[in-house]
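Enquirer: Structure incoming, see below.
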Amino acid sequence: MMADIRKALVGKRAQQAKRAVLGQHHNDGWLAKLFIYFMLSIVAYLYLQPFFYMVSTMFKNLSDLLDPTVQWIPRKLEWNNLVRAWNGLKYPQSFANTITIALFGSLIQVCVCALTGYALAKLKFPGKGLAQFLVFLTFLVPPQIIIIPLYVIFSKLGWLNTPLVFLVPALFGQGLRSALFIIIFRQFFKTLPDALEEAAKLDGASTFRIFSRIMMPLARSACLVVFLFSFIWYWNQYYEPSMFLNNAYQPLSIRLNQLPQVLMGTNPDPSAQLFNPITEGTKMAGAFLIVFPPLLVYIVTQRWFVEGIERTGLVD
């Protein structure tokens with residue numbers, strides 16, 4: 001009798017151990033979790049390795065850069081790289097230019113794209129299908145095709161070398177990737193029940209009042225997603241500023257491209273600019289100074305950003 005009980009206990013423990021290792025389902029056992037964590041660690045390393053390289057290199061002096069035995073941790077922290085990058089980028093002025101374009105452009109995009117997306121999702125008006133087609137068309141047309149007509153128009157209006165070349169198009173729904181943001185808002189507003197609007201109309205609310213008092217508060221998660229995407233893209237853009245802005249009004253992205261030339265004092269061979277160990281640490285410091293502000297914004301708003309991604313359906 002005792003032997004049978006002991007055998008049953010051993011069998012039960014074996015089943016528990018098997019369930020703990022393999023799990024009742026395919027993804028809840030120790031073995032599956034170890035595999036998932038292993039794969040996530042590899043993906044995280046692939047994404048973070050360039051950032052780690054940038055941080056490590058910006059603190060290396062010339063001897064550490066030339067020493068192949070120094071890989072990640074420098075023997076001595078070289079803080080002068082940050083100072084030289086700060087001065088070479090003309091950081092206060094360039095930061096003010098960049099934040100003006102990115103912040104105000106993003107806020108305008110949120111308001112205008114939300115209004116357009118709401119109209120396409122909830123309102124009925126003649127030519128609605130054509131309007132939706134034109135929105136999708138602007139999403140497909142690359143900016144290189146229309147850059148020359150835009151340059152001529154902005155030149156005649158006297159907007160070149162000012163933030164107006166980015167803020168005014170955003171005001172009319174033609175900002176950086178505005179079509180994508182309109183689609184995001186359209187999909188979000190389509191998920192909201194029509195009963196909300198019908199109840200508000202019974203109380204005498206106008207269409208704009210419904211949008212501003214009911215729909216926009218409900219779309220806070222979508223607004224945050226659009227704001228962050230727009231802010232990052234405006235912050236990192238290079239092609240349009242290189243065409244419309246000169247030395248009098250340049251953002252950080254243009255200054256970073258000119259940093260090797262500024263550090264060398266002349267215009268050397270392009271290969272010397274890219275692979276010169278004398279400027280490598282300063283260039284990585286400049287890249288860090290540009291990456292850090294949007295990274296800080298994302299860290300602060302990460303929780304709401306992930307929630308907004310889920311609610312707007314971008315994960316589908």
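Residues are named by chain letter and number: chains run A, B, ... in the order of the structure tokens, numbers start at 1 in each chain, and ligands are numbered from 1 in the order shown.
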Given only C-alpha atoms, how would the per-residue table for segment 175-291 of chain A near segment 120-124 of chain A read, listing every residue at most 7 Å away with its closest atom pair and distance in Å to one decimal, sorted by chain and number, as JSON lines?
Expert:
```
{"residue": "A:Arg186", "atom": "CA", "partner": "A:Ala121", "partner_atom": "CA", "distance": 5.1}
{"residue": "A:Phe189", "atom": "CA", "partner": "A:Ala121", "partner_atom": "CA", "distance": 6.1}
{"residue": "A:Lys190", "atom": "CA", "partner": "A:Ala121", "partner_atom": "CA", "distance": 5.4}
```
Enquirer: Name the residues of segment 52-104 of chain A that come out as alpha helix (DSSP H) in a backbone DSSP run; write them as number ranges by chain.
Expert: A: 52-58, 62-66, 80-88, 91-104
Enquirer: Pick out the closest residue to Ala179 of chain A from this set: A:Leu295, A:Val135, A:Leu167, A:Leu259. Count only C-alpha atoms.
Expert: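 Among the listed residues, the smallest separation from Ala179 of chain A belongs to A:Val135.
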Enquirer: Excluding segment 81-97 of chain A and residues on its chain fewer than 6 positions from it, collect all residues at most 7 Å away from it, counting only C-alpha atoms, and give them as a CSV table (one decimal) with N, CA, C and O atoms, in the first residue's frame.
Expert:
```csv
chain,number,residue,atom,x,y,z
A,58,MET,N,31.8,58.1,-28.0
A,58,MET,CA,31.9,59.5,-27.7
A,58,MET,C,32.7,59.9,-26.5
A,58,MET,O,33.1,61.0,-26.3
A,59,PHE,N,33.0,58.8,-25.7
A,59,PHE,CA,33.9,59.0,-24.5
A,59,PHE,C,35.3,58.6,-24.7
A,59,PHE,O,36.1,58.5,-23.7
A,249,TYR,N,19.4,79.4,-41.0
A,249,TYR,CA,18.4,78.8,-40.2
A,249,TYR,C,18.5,77.3,-40.5
A,249,TYR,O,17.8,76.8,-41.4
A,250,GLN,N,19.3,76.6,-39.7
A,250,GLN,CA,19.6,75.2,-40.0
A,250,GLN,C,19.2,74.4,-38.7
A,250,GLN,O,19.6,74.8,-37.6
A,251,PRO,N,18.6,73.2,-38.9
A,251,PRO,CA,18.3,72.3,-37.7
A,251,PRO,C,19.5,71.5,-37.4
A,251,PRO,O,20.6,71.5,-38.1
A,252,LEU,N,19.4,70.7,-36.4
A,252,LEU,CA,20.5,69.8,-35.9
A,252,LEU,C,20.9,68.8,-36.9
A,252,LEU,O,22.1,68.4,-37.0
A,255,ARG,N,23.4,70.4,-39.3
A,255,ARG,CA,24.6,70.7,-38.6
A,255,ARG,C,25.4,69.5,-38.3
A,255,ARG,O,26.7,69.5,-38.4
A,256,LEU,N,24.8,68.3,-38.0
A,256,LEU,CA,25.5,67.1,-37.8
A,256,LEU,C,26.2,66.7,-39.1
A,256,LEU,O,27.4,66.2,-39.0
A,259,LEU,N,29.3,68.7,-39.4
A,259,LEU,CA,30.2,68.7,-38.3
A,259,LEU,C,31.7,68.2,-38.6
A,259,LEU,O,32.6,68.9,-38.2
A,262,VAL,N,33.4,71.1,-40.2
A,262,VAL,CA,33.7,72.1,-39.2
A,262,VAL,C,34.9,71.8,-38.3
A,262,VAL,O,35.8,72.6,-38.0
A,263,LEU,N,35.0,70.5,-37.9
A,263,LEU,CA,36.1,70.0,-37.1
A,263,LEU,C,37.4,70.1,-37.8
A,263,LEU,O,38.4,70.4,-37.2
A,281,GLY,N,35.1,60.4,-32.3
A,281,GLY,CA,34.5,60.6,-31.0
A,281,GLY,C,33.6,61.8,-30.9
A,281,GLY,O,32.5,61.8,-30.3
A,282,THR,N,34.0,62.9,-31.5
A,282,THR,CA,33.1,64.2,-31.6
A,282,THR,C,31.9,64.0,-32.4
A,282,THR,O,30.8,64.5,-32.0
A,283,LYS,N,32.0,63.2,-33.5
A,283,LYS,CA,30.8,63.0,-34.3
A,283,LYS,C,29.8,62.1,-33.5
A,283,LYS,O,28.6,62.4,-33.6
A,285,ALA,N,29.5,62.1,-30.3
A,285,ALA,CA,29.0,63.0,-29.2
A,285,ALA,C,27.9,63.9,-29.8
A,285,ALA,O,26.8,64.1,-29.2
A,286,GLY,N,28.1,64.3,-31.1
A,286,GLY,CA,27.1,65.1,-31.7
A,286,GLY,C,25.8,64.3,-32.0
A,286,GLY,O,24.7,64.8,-31.8
```
Enquirer: Would you give me, as JSON lines, each residue of segment 211-236 of chain A having an atom within 7 Å of an atom of segment 104-113 of chain A, along with its shortest atom pair and that distance in Å to one decimal, using only C-alpha atoms and sorting by chain and residue number?
Expert:
```
{"residue": "A:Cys223", "atom": "CA", "partner": "A:Val110", "partner_atom": "CA", "distance": 6.0}
{"residue": "A:Val226", "atom": "CA", "partner": "A:Val110", "partner_atom": "CA", "distance": 6.3}
{"residue": "A:Phe227", "atom": "CA", "partner": "A:Ser106", "partner_atom": "CA", "distance": 5.4}
{"residue": "A:Ser230", "atom": "CA", "partner": "A:Ser106", "partner_atom": "CA", "distance": 5.3}
{"residue": "A:Phe231", "atom": "CA", "partner": "A:Ser106", "partner_atom": "CA", "distance": 5.4}
```
Enquirer: Could you write those residues out with all heavy atoms, as a CSV table (one decimal), in the first residue's frame?
Expert:
```csv
chain,number,residue,atom,x,y,z
A,223,CYS,N,-4.0,61.1,-30.4
A,223,CYS,CA,-3.3,62.3,-30.5
A,223,CYS,C,-1.8,62.2,-30.0
A,223,CYS,O,-0.9,62.7,-30.6
A,223,CYS,CB,-4.0,63.4,-29.6
A,223,CYS,SG,-5.6,63.9,-30.3
A,226,VAL,N,0.2,60.3,-32.7
A,226,VAL,CA,0.5,61.1,-33.9
A,226,VAL,C,1.5,62.2,-33.5
A,226,VAL,O,2.4,62.5,-34.3
A,226,VAL,CB,-0.9,61.8,-34.4
A,226,VAL,CG1,-0.6,62.9,-35.4
A,226,VAL,CG2,-1.8,60.7,-35.0
A,227,PHE,N,1.4,62.8,-32.3
A,227,PHE,CA,2.3,63.8,-31.9
A,227,PHE,C,3.7,63.2,-31.8
A,227,PHE,O,4.7,63.9,-32.3
A,227,PHE,CB,1.9,64.4,-30.5
A,227,PHE,CG,2.9,65.3,-30.0
A,227,PHE,CD1,2.9,66.7,-30.4
A,227,PHE,CD2,3.9,64.9,-29.0
A,227,PHE,CE1,3.9,67.6,-29.9
A,227,PHE,CE2,4.8,65.8,-28.5
A,227,PHE,CZ,4.8,67.1,-29.0
A,230,SER,N,5.1,62.4,-35.4
A,230,SER,CA,5.3,63.6,-36.1
A,230,SER,C,6.5,64.3,-35.5
A,230,SER,O,7.4,64.8,-36.3
A,230,SER,CB,4.1,64.5,-36.0
A,230,SER,OG,4.3,65.7,-36.7
A,231,PHE,N,6.7,64.4,-34.2
A,231,PHE,CA,7.8,65.0,-33.6
A,231,PHE,C,9.1,64.4,-34.0
A,231,PHE,O,10.1,65.1,-34.3
A,231,PHE,CB,7.6,65.0,-32.0
A,231,PHE,CG,8.7,65.8,-31.3
A,231,PHE,CD1,8.6,67.1,-31.1
A,231,PHE,CD2,9.8,65.1,-30.8
A,231,PHE,CE1,9.5,67.8,-30.4
A,231,PHE,CE2,10.8,65.8,-30.1
A,231,PHE,CZ,10.7,67.1,-29.9
```
Enquirer: Provide the atom CA of Phe125 of chain A to atom CA of Ile183 of chain A distance in Å, to one decimal place.
Expert: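 Interatomic distance here is 17.8 Å.
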Enquirer: Any idea what's packed within 12 Å of Phe136 of chain A, counting only C-alpha atoms, ignoring anything in its chain fewer than 2 positions away? Could you give it as a list of chain:residue names?
Expert: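 Answer for this query is A:Gly129, A:Leu130, A:Ala131, A:Gln132, A:Phe133, A:Leu134, A:Thr138, A:Phe139, A:Leu140, A:Val141, A:Arg177, A:Ser178, A:Ala179, A:Leu180, A:Phe181, A:Ile182, A:Ile183, A:Ile184.
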